[in-house]
Structure formats: C-alpha cells, structure tokens
file input08.cif (mmCIF, C-alpha atoms)
data_work
#
loop_
_atom_site.label_atom_id
_atom_site.label_comp_id
_atom_site.auth_asym_id
_atom_site.auth_seq_id
_atom_site.Cartn_x
_atom_site.Cartn_y
_atom_site.Cartn_z
CA MET A 15 7.35 22.98 12.25
CA LYS A 16 6.11 21.69 15.61
CA LYS A 17 2.54 22.63 14.72
CA ILE A 18 2.72 20.56 11.53
CA ALA A 19 4.13 17.55 13.40
CA VAL A 20 1.41 17.74 16.07
CA LEU A 21 -1.28 18.11 13.42
CA ALA A 22 0.09 15.11 11.50
CA LEU A 23 0.16 12.94 14.64
CA LEU A 24 -3.37 13.98 15.54
CA THR A 25 -4.62 13.16 12.04
CA ILE A 26 -2.89 9.76 12.09
CA GLY A 27 -4.44 9.02 15.49
CA LEU A 28 -7.93 9.77 14.20
CA VAL A 29 -7.47 7.66 11.08
CA VAL A 30 -6.18 4.67 13.05
CA GLN A 31 -9.29 4.70 15.25
CA ASP A 32 -11.52 4.60 12.17
CA ALA A 33 -9.52 1.73 10.69
CA ALA A 34 -9.82 -0.33 13.88
CA ALA A 35 -13.60 0.11 13.80
CA GLN A 36 -13.77 -1.21 10.25
CA CYS A 37 -11.86 -4.36 11.19
CA ALA A 38 -14.43 -5.21 13.86
CA MET A 39 -17.27 -4.75 11.37
CA CYS A 40 -15.65 -7.04 8.81
CA ARG A 41 -14.96 -9.66 11.46
CA SER A 42 -18.55 -9.71 12.69
CA THR A 43 -19.83 -9.99 9.10
CA LEU A 44 -17.52 -12.91 8.38
CA GLU A 45 -18.44 -14.67 11.62
CA ASN A 46 -22.15 -14.35 10.82
CA ASN A 47 -21.65 -15.69 7.30
CA TYR A 48 -19.62 -18.69 8.53
CA ALA A 49 -22.29 -19.41 11.14
CA ASN A 50 -24.96 -19.37 8.40
CA GLY A 51 -22.89 -21.74 6.23
CA THR A 52 -21.78 -19.30 3.52
CA PRO A 53 -17.97 -19.00 3.66
CA GLY A 54 -17.75 -17.57 0.12
CA ILE A 55 -17.84 -13.97 1.33
CA GLY A 56 -14.81 -14.63 3.53
CA ALA A 57 -12.81 -15.82 0.54
CA GLY A 58 -13.75 -12.67 -1.35
CA ILE A 59 -12.68 -10.44 1.51
CA ASN A 60 -9.39 -12.32 1.85
CA THR A 61 -8.74 -11.86 -1.88
CA GLY A 62 -9.46 -8.14 -1.54
CA ILE A 63 -7.04 -7.87 1.37
CA LEU A 64 -4.30 -9.57 -0.62
CA TYR A 65 -4.98 -7.28 -3.57
CA LEU A 66 -4.72 -4.18 -1.39
CA LEU A 67 -1.58 -5.54 0.24
CA SER A 68 0.20 -6.18 -3.06
CA MET A 69 -0.38 -2.73 -4.61
CA PRO A 70 2.20 -0.77 -2.54
CA TYR A 71 4.85 -3.42 -3.21
CA LEU A 72 4.09 -3.35 -6.92
CA ALA A 73 4.34 0.45 -6.97
CA VAL A 74 7.72 0.36 -5.18
CA LEU A 75 9.02 -2.27 -7.62
CA ILE A 76 7.95 -0.23 -10.65
CA ILE A 77 9.46 2.99 -9.28
CA GLY A 78 12.66 1.15 -8.37
CA TYR A 79 12.95 -0.35 -11.84
CA LEU A 80 12.40 3.00 -13.54
CA TRP A 81 14.95 4.63 -11.25
CA TYR A 82 17.49 1.88 -11.98
CA LYS A 83 16.89 2.15 -15.72
CA SER A 84 17.26 5.95 -15.75
CA SER A 85 20.47 5.80 -13.69
CA LYS A 86 21.95 3.24 -16.11
CA ASN A 87 21.03 5.47 -19.06
CA ALA A 88 22.62 8.47 -17.33
CA GLN A 89 25.82 6.47 -16.78
CA LYS A 90 25.92 5.46 -20.45
CA LEU A 91 25.50 9.06 -21.54
CA SER A 92 28.24 10.29 -19.21
CA ARG A 93 30.71 7.64 -20.49
CA ARG A 94 30.39 8.64 -24.14
CA PRO A 95 33.46 10.35 -25.56
CA VAL A 96 32.92 13.97 -26.44
CA ALA A 97 33.43 14.74 -30.14
CA ARG A 98 35.92 17.57 -30.65
#
call {"tool": "encode", "arguments": {"input": "input08.cif", "output": "structure tokens"}}
result
Amino acid sequence: MKKIAVLALLTIGLVVQDAAAQCAMCRSTLENNYANGTPGIGAGINTGILYLLSMPYLAVLIIGYLWYKSSKNAQKLSRRPVAR
C-alpha cells in the first residue's frame, strides 16, 4: 500500500511541474499578443479556461441528480404494500 501511495505522489508531482510550465507559455503568448495590439486571442483563452472549469461541476451536478432520482425511486418501491 505504501508503494502505491509513493508512486501516486511522485506521479502527481511530475504532472504539476508540467502544468506550471504550460501556464508560463500561455502567459507569454498572451503578453506578446496584447503588446502587438491583438487581444482577441486572450478572450479565446479565457473562454476555454471557463469551459474547462465548468465541466467538473456539471459532471458532479448530473451525477448528484441521477443519484437523488434513483434514491427517490428506491424509496417509492420500498413503501409499496406487498400484495398477499
């Protein structure tokens, strides 16, 4: 179990370093575009960030709704009188 935890932490550490490098690249691209007078690319990147940010919340809402609906259906089925 300890080996799996260490491997998971090591993998997360490597992924975080790659993600930080990408942020610097995006920032330099946006700064160059603003300096050249074309801020349209920045708006597109901001829209993409908002899109990526909203997807996990949407997935959690859908899963929560389906879970709620199935639990309500299970309660209805358990309350029905049994025909003898």
call {"tool": "atom_distance", "arguments": {"input": "input08.cif", "atom1": "atom CA of Tyr65 of chain A", "atom2": "atom CA of Ser84 of chain A"}}
result
28.6 Å
call {"tool": "atom_distance", "arguments": {"input": "input08.cif", "atom1": "atom CA of Trp81 of chain A", "atom2": "atom CA of Arg94 of chain A"}}
result
20.5 Å
call {"tool": "closest_atom_pairs", "arguments": {"input": "input08.cif", "of": "segment 24-71 of chain A", "to": "segment 75-79 of chain A", "cutoff": "10 Å", "atoms": "all atoms listed in the file", "output": "Markdown table"}}
result
| residue | atom | partner | partner_atom | distance |
| --- | --- | --- | --- | --- |
| A:Met69 | CA | A:Leu75 | CA | 9.9 |
| A:Pro70 | CA | A:Leu75 | CA | 8.6 |
| A:Tyr71 | CA | A:Leu75 | CA | 6.2 |
call {"tool": "atom_distance", "arguments": {"input": "input08.cif", "atom1": "atom CA of Leu28 of chain A", "atom2": "atom CA of Cys40 of chain A"}}
result
19.3 Å
call {"tool": "residues_around", "arguments": {"input": "input08.cif", "residues": "Ile59 of chain A", "least_positions_apart": "4", "cutoff": "12 Å", "atoms": "only C-alpha atoms", "output": "list of chain:residue names"}}
result
A:Cys37, A:Cys40, A:Arg41, A:Thr43, A:Leu44, A:Asn47, A:Pro53, A:Gly54, A:Ile55, A:Ile63, A:Leu64, A:Tyr65, A:Leu66
call {"tool": "write_last_selection", "arguments": {"input": "input08.cif", "atoms": "C-alpha atoms", "output": "PDB file, in the coordinates of the input"}}
result
ATOM      1  CA  CYS A  37     -11.860  -4.360  11.190  1.00  0.00           C
ATOM      2  CA  CYS A  40     -15.650  -7.040   8.810  1.00  0.00           C
ATOM      3  CA  ARG A  41     -14.960  -9.660  11.460  1.00  0.00           C
ATOM      4  CA  THR A  43     -19.830  -9.990   9.100  1.00  0.00           C
ATOM      5  CA  LEU A  44     -17.520 -12.910   8.380  1.00  0.00           C
ATOM      6  CA  ASN A  47     -21.650 -15.690   7.300  1.00  0.00           C
ATOM      7  CA  PRO A  53     -17.970 -19.000   3.660  1.00  0.00           C
ATOM      8  CA  GLY A  54     -17.750 -17.570   0.120  1.00  0.00           C
ATOM      9  CA  ILE A  55     -17.840 -13.970   1.330  1.00  0.00           C
ATOM     10  CA  ILE A  63      -7.040  -7.870   1.370  1.00  0.00           C
ATOM     11  CA  LEU A  64      -4.300  -9.570  -0.620  1.00  0.00           C
ATOM     12  CA  TYR A  65      -4.980  -7.280  -3.570  1.00  0.00           C
ATOM     13  CA  LEU A  66      -4.720  -4.180  -1.390  1.00  0.00           C
TER      14      LEU A  66
END
